[in-house]
Amino acid sequence: MIDAILHGLMAVAQATAPAPAAPAKPATLQAQFDAANAAYEARQCSDAIKLYDAIEARTAGSKNALLVGAVKVRKGICVTRSGDAQGGAALIRQGLPALTKNGAEFTADLRDAHLALGTAAFDAFDYDAAAASYRDALALATGIDRVAPLLALTRTLAFDRDGKALAYAQEARDLATKTPGIGKDVLALIQTRYARVLLNEGKKAEAYTVLKDSLRKQGGLDQRVSSSEVATRADLALAALLNGDRQQAQTYMAYTGAGRMKDDAFSTAIEMKPASCGAATGLKPDDFAVVEFSVSDTGTVEAVNPIYTTGGRDVALAFARAVSDWSWSPTEAVKIPAFFRRATRIELRCSTAVERPSIGEPLNEAFADWMRAQGTTNDWWEQNRARALPLVRADATRARAANDRSALLAADAWLAQSALAPEAERRAAAVEAIALATTMRAPAPVMTYLMLAQNDTPYDAFPRKLIALLNRPEINRDPLSAATIRMMLATHAYPPTPKEDVERLLAAVVASPLPENHPLKVAALLRQADLLAQRGEVAQAKASFDRTGLTSDQCALIAPTPMIQRNGATSSLYPTEAVQMGFQGWAQVEFDIAADGRTMTQRTIAAYPPFVFGDAAQKMVGATRYRSSFRPEGNTACSANIQRFRFQLPG
């Protein structure tokens with residue numbers, strides 16, 4: 001082991017290390033090293049990291065490669081275990097060569113290092129690199145120590161369906177079964193991993209049998225909810241569903257504790273974009289997956305682990321990558337019970353939707369173009385918002401200190417529109433952004449963009465703010481600003497703008513000097529055609545539609561979703577079984593809207609807990625009716641809409 005070999009080297013380092021300045025009785029370097037290793041062995045990583053940091057500071061410049069390497073490797077393993085897999089992997093790679101040269105003396109540390117590197121690669125969705133590192137760890141393991149790398153390989157290769165994952169899982173199971181003193185809980189956990197591979201190999205009945213045996217080893221369906229018991233029960237729910245036993249699936253799911261949160265924080269994700277169907281992802285509408293992940297205190301998603309998919313590895317990874325970009329507000333994330341944040345499962349399918357920009361998108365583009373002209377570019381807008389938030393805040397602080405107006409304006413504009421930032425921070429950022437843009441003599445579209453981003457008006461009072469902005473001469477004179485505000489007024493849902501005012505607003509957009517094919521003008525013409533058709537003026541409606549340049553089966557670049565006439569979401573559709581079992585949760589449903597306002601092709605694309613609320617949400621969509629839209633041949637008015645339904649029990 002590393003400790004025994006390095007005792008002699010510590011004396012050499014002690015003699016050459018710079019002495020600490022303050023303490024009268026400084027701890028010896030050997031004592032620090034022993035304390036760090038004791039914390040490491042006890043998996044008290046926060047303490048171990050601090051101690052290793054102190055050793056590194058004390059031995060800066062040391063030529064003792066073995067000592068430096070050992071500290072780097074152990075610190076890196078601890079950093080990985082603390083949640084920073086990539087940072088830990090970087091440290092391990094720095095120290096690994098020195099330990100590798102000494103071969104067998106450092107077997108255990110090298111094994112743990114390769115396991116940590118595998119975890120970093122797995123979390124980065126590089127399953128080939130993960131498998132290679134796990135195989136390196138396996139080559140250094142003997143006896144029961146082989147189980148950890150075997151299970152890691154099982155998880156990584158589970159979707160390849162070439163028999164390798166199953167062989168690794170079987171070896172782990174055999175080792176545990178034959179090793180004296182292995183408890184039933186450990187055997188159950190290993191069997192559950194084995195059964196998970198069986199499920200992905202299509203051996204559903206066999207997996208169901210193995211999982212039931214794991215449940216028996218854990219004591220059955222009792223009130224205990226350890227992580228291994230939850231995993232077995234959740235896998236049993238999946239196996240029951242795949243074997244056609246839906247009622248039993250919900251029973252097993254109930255005993256995981258899923259859907260029993262006291263508040264609704266988990267359903268309030270700021271960002272929950274589904275995986276897209278198509279060639280870019282390799283996903284098909286019929287592909288289905290269950291993905292497990294953690295939600296950090298900062299609202300980011302971590303430790304994404306595909307559990308099951310109907311496709312192979314590429315399908316599993318496509319769903320996993322989509323989930324990794326989800327975000328929660330930090331204030332909402334910490335409301336989710338820690339036990340559930342550590343491992344939550346979601347039922348997923350891909351979306352067929354083609355992303356349609358909002359009415360404000362042309363104004364957004366005008367702002368981005370102007371910022372680029374000022375020499376300021378960043379990738380915040382493309383990043384996961386929870387991960388971007390601390391970066392934007394840091395850039396705002398730097399720009400303010402350096403009096404960099406352009407960089408500060410860009411950061412403020414982002415913060416002003418961020419649902420992750422507290423309201424006071426958003427408002428302050430918006431005020432500062434408008435002041436900066438004014439001093440920089442920003443053009444009207446930029447000022448309009450920033451004023452609309454200012455979150456200072458309740459939703460029902462927003463039309464009054466829009467009218468006040470439209471009455472400002474510099475905004476009214478700017479075609480893009482005026483058309484954007486008029487379309488926002490024309491499509492505002494509550495309180496709805498009077499129909500005669502809507503017609504006047506649309507006519508003004510159509511008559512504006514914007515290009516004929518501008519997205520805002522196309523959207524106005526489509527809405528104008530709808531209103532004319534509702535009055536029975538079909539010829540005039542067709543003339544407006546023809547001006548859009550669209551074919552009858554195309555959606556506009558910017559086409560407001562038709563307004564709801566009858567909402568199909570009612571308490572009567574809350575699943576009876578879910579009420580009886582105390583489930584709460586949510587489901588996202590994708591659907592098309594026909595020209596006559598009916599909904600079609602409803603399909604659940606995400607649901608929590610899995611297998612509980614998807615059907616009910618689809619029925620709610622089916623019972624919903626929208627205002628009719630004019631299409632010359634009665635084609636679909638708006639395809640691939642997405643709506644999230646929340647299911648909450650009273651009290």
# chains A, B, ... in the order shown; residues from 1 in each chain; ligands from 1
$ residues_around --residues "Ala318 in chain A" --least-positions-apart "5" --cutoff "8 Å" --atoms "only C-alpha atoms" --output "VMD selection string"
chain A and resid 275 281 to 283
$ write_last_selection --atoms "all heavy atoms" --output "compact mmCIF listing (two decimals), in the first residue's frame"
# COMPACT_ATOMS: atom_id res chain seq x y z
N ALA A 275 -35.35 15.33 -25.59
CA ALA A 275 -34.48 14.89 -26.68
C ALA A 275 -35.26 14.94 -27.99
O ALA A 275 -36.46 14.65 -28.03
CB ALA A 275 -34.00 13.46 -26.42
N THR A 281 -29.90 12.78 -33.56
CA THR A 281 -29.81 12.01 -32.31
C THR A 281 -29.93 10.51 -32.55
O THR A 281 -29.56 9.72 -31.67
CB THR A 281 -30.93 12.43 -31.34
OG1 THR A 281 -32.20 12.16 -31.96
CG2 THR A 281 -30.82 13.90 -31.00
N GLY A 282 -30.47 10.13 -33.70
CA GLY A 282 -30.71 8.71 -33.95
C GLY A 282 -31.95 8.18 -33.25
O GLY A 282 -32.20 6.97 -33.25
N LEU A 283 -32.75 9.08 -32.67
CA LEU A 283 -33.95 8.66 -31.93
C LEU A 283 -35.17 8.61 -32.84
O LEU A 283 -35.37 9.47 -33.70
CB LEU A 283 -34.22 9.63 -30.77
CG LEU A 283 -33.16 9.67 -29.67
CD1 LEU A 283 -33.53 10.72 -28.63
CD2 LEU A 283 -32.99 8.31 -29.03
$ residues_around --residues "Glu577 in chain A" --least-positions-apart "3" --cutoff "10 Å" --atoms "only C-alpha atoms" --output "VMD selection string"
chain A and resid 247 250 to 251 574 580 to 583 612
$ residues_around --residues "range 171-187 of chain A" --least-positions-apart "4" --cutoff "6 Å" --atoms "only C-alpha atoms" --output "ChimeraX atom specification"
/A:147,217-218
$ residues_around --residues "Asn517 in chain A" --least-positions-apart "6" --cutoff "10 Å" --atoms "only C-alpha atoms" --output "list in words"
Ala523, Arg547, Thr548, Gly549, Leu550 and Leu557 of chain A
$ atom_distance --atom1 "CA of Ala366 in chain A" --atom2 "CA of Leu436 in chain A"
16.9 Å
$ select_by_dssp --residues "range 283-346 of chain A" --states "strand (DSSP E)" --output "list in words"
Ala289, Val290, Val291, Glu292, Phe293, Ser294, Val295, Val301, Glu302, Ala303, Val304, Asn305, Pro306, Ile307, Tyr308, Thr309, Thr344, Arg345 and Ile346 of chain A
$ write_last_selection --atoms "C-alpha atoms" --output "compact mmCIF listing (two decimals), in the first residue's frame"
# COMPACT_ATOMS: atom_id res chain seq x y z
CA ALA A 289 -36.08 5.13 -21.96
CA VAL A 290 -35.89 5.38 -18.21
CA VAL A 291 -33.07 7.66 -17.04
CA GLU A 292 -31.84 8.24 -13.50
CA PHE A 293 -30.06 11.43 -12.42
CA SER A 294 -29.22 13.70 -9.48
CA VAL A 295 -30.14 17.36 -8.98
CA VAL A 301 -28.25 17.81 -13.29
CA GLU A 302 -25.44 15.41 -12.37
CA ALA A 303 -24.66 11.68 -12.42
CA VAL A 304 -26.95 10.89 -15.36
CA ASN A 305 -27.38 7.13 -15.60
CA PRO A 306 -29.55 5.51 -18.29
CA ILE A 307 -31.38 2.55 -16.73
CA TYR A 308 -33.29 1.08 -19.67
CA THR A 309 -33.94 1.82 -23.31
CA THR A 344 -34.60 10.40 -9.52
CA ARG A 345 -36.01 8.43 -12.46
CA ILE A 346 -37.88 9.83 -15.44
$ residues_around --residues "Pro445 in chain A" --least-positions-apart "4" --cutoff "8 Å" --atoms "only C-alpha atoms" --output "number ranges by chain"
A: 363, 366-367, 449, 475, 478, 480-481
$ write_last_selection --atoms "all heavy atoms" --output "PDB file, in the first residue's frame"
ATOM      1  N   LEU A 363     -36.287  40.353 -32.286  1.00  0.00           N
ATOM      2  CA  LEU A 363     -35.732  41.388 -31.424  1.00  0.00           C
ATOM      3  C   LEU A 363     -34.505  40.857 -30.673  1.00  0.00           C
ATOM      4  O   LEU A 363     -33.506  41.566 -30.511  1.00  0.00           O
ATOM      5  CB  LEU A 363     -36.804  41.844 -30.428  1.00  0.00           C
ATOM      6  CG  LEU A 363     -36.792  43.309 -29.973  1.00  0.00           C
ATOM      7  CD1 LEU A 363     -36.838  44.263 -31.155  1.00  0.00           C
ATOM      8  CD2 LEU A 363     -37.964  43.559 -29.041  1.00  0.00           C
ATOM      9  N   ALA A 366     -31.649  40.961 -33.002  1.00  0.00           N
ATOM     10  CA  ALA A 366     -31.154  42.336 -33.193  1.00  0.00           C
ATOM     11  C   ALA A 366     -30.244  42.733 -32.036  1.00  0.00           C
ATOM     12  O   ALA A 366     -29.197  43.379 -32.238  1.00  0.00           O
ATOM     13  CB  ALA A 366     -32.336  43.300 -33.299  1.00  0.00           C
ATOM     14  N   PHE A 367     -30.612  42.348 -30.810  1.00  0.00           N
ATOM     15  CA  PHE A 367     -29.767  42.643 -29.649  1.00  0.00           C
ATOM     16  C   PHE A 367     -28.435  41.907 -29.762  1.00  0.00           C
ATOM     17  O   PHE A 367     -27.367  42.502 -29.537  1.00  0.00           O
ATOM     18  CB  PHE A 367     -30.490  42.239 -28.363  1.00  0.00           C
ATOM     19  CG  PHE A 367     -29.638  42.367 -27.130  1.00  0.00           C
ATOM     20  CD1 PHE A 367     -29.410  43.604 -26.555  1.00  0.00           C
ATOM     21  CD2 PHE A 367     -29.043  41.250 -26.555  1.00  0.00           C
ATOM     22  CE1 PHE A 367     -28.610  43.739 -25.425  1.00  0.00           C
ATOM     23  CE2 PHE A 367     -28.251  41.361 -25.429  1.00  0.00           C
ATOM     24  CZ  PHE A 367     -28.031  42.615 -24.856  1.00  0.00           C
ATOM     25  N   TYR A 449     -35.796  45.714 -26.614  1.00  0.00           N
ATOM     26  CA  TYR A 449     -35.462  44.390 -26.083  1.00  0.00           C
ATOM     27  C   TYR A 449     -35.226  44.461 -24.578  1.00  0.00           C
ATOM     28  O   TYR A 449     -35.748  43.640 -23.806  1.00  0.00           O
ATOM     29  CB  TYR A 449     -34.218  43.872 -26.800  1.00  0.00           C
ATOM     30  CG  TYR A 449     -33.588  42.638 -26.199  1.00  0.00           C
ATOM     31  CD1 TYR A 449     -34.056  41.369 -26.533  1.00  0.00           C
ATOM     32  CD2 TYR A 449     -32.530  42.737 -25.308  1.00  0.00           C
ATOM     33  CE1 TYR A 449     -33.472  40.233 -25.978  1.00  0.00           C
ATOM     34  CE2 TYR A 449     -31.941  41.615 -24.752  1.00  0.00           C
ATOM     35  CZ  TYR A 449     -32.413  40.371 -25.096  1.00  0.00           C
ATOM     36  OH  TYR A 449     -31.847  39.250 -24.538  1.00  0.00           O
ATOM     37  N   ILE A 475     -39.809  54.155 -30.371  1.00  0.00           N
ATOM     38  CA  ILE A 475     -40.190  52.752 -30.551  1.00  0.00           C
ATOM     39  C   ILE A 475     -41.232  52.624 -31.652  1.00  0.00           C
ATOM     40  O   ILE A 475     -41.170  51.726 -32.498  1.00  0.00           O
ATOM     41  CB  ILE A 475     -40.699  52.162 -29.220  1.00  0.00           C
ATOM     42  CG1 ILE A 475     -39.528  52.028 -28.240  1.00  0.00           C
ATOM     43  CG2 ILE A 475     -41.375  50.808 -29.420  1.00  0.00           C
ATOM     44  CD1 ILE A 475     -39.905  51.511 -26.864  1.00  0.00           C
ATOM     45  N   ASP A 478     -39.737  52.632 -35.090  1.00  0.00           N
ATOM     46  CA  ASP A 478     -38.878  51.509 -35.477  1.00  0.00           C
ATOM     47  C   ASP A 478     -39.746  50.320 -35.902  1.00  0.00           C
ATOM     48  O   ASP A 478     -40.510  49.787 -35.092  1.00  0.00           O
ATOM     49  CB  ASP A 478     -37.991  51.103 -34.303  1.00  0.00           C
ATOM     50  CG  ASP A 478     -37.111  49.911 -34.654  1.00  0.00           C
ATOM     51  OD1 ASP A 478     -36.304  50.031 -35.587  1.00  0.00           O
ATOM     52  OD2 ASP A 478     -37.262  48.852 -34.002  1.00  0.00           O
ATOM     53  N   LEU A 480     -39.273  47.100 -36.486  1.00  0.00           N
ATOM     54  CA  LEU A 480     -39.141  45.838 -35.758  1.00  0.00           C
ATOM     55  C   LEU A 480     -39.719  45.946 -34.354  1.00  0.00           C
ATOM     56  O   LEU A 480     -40.470  45.070 -33.901  1.00  0.00           O
ATOM     57  CB  LEU A 480     -37.677  45.419 -35.696  1.00  0.00           C
ATOM     58  CG  LEU A 480     -37.376  44.129 -34.909  1.00  0.00           C
ATOM     59  CD1 LEU A 480     -38.157  42.952 -35.469  1.00  0.00           C
ATOM     60  CD2 LEU A 480     -35.882  43.832 -34.911  1.00  0.00           C
ATOM     61  N   SER A 481     -39.388  47.012 -33.639  1.00  0.00           N
ATOM     62  CA  SER A 481     -39.898  47.196 -32.279  1.00  0.00           C
ATOM     63  C   SER A 481     -41.417  47.293 -32.269  1.00  0.00           C
ATOM     64  O   SER A 481     -42.098  46.629 -31.467  1.00  0.00           O
ATOM     65  CB  SER A 481     -39.298  48.465 -31.652  1.00  0.00           C
ATOM     66  OG  SER A 481     -37.895  48.372 -31.550  1.00  0.00           O
TER      67      SER A 481
END
$ closest_residue --among "A:Thr331, A:Thr28, A:Thr192, A:Thr601" --to "Thr232 in chain A" --atoms "only C-alpha atoms"
A:Thr192
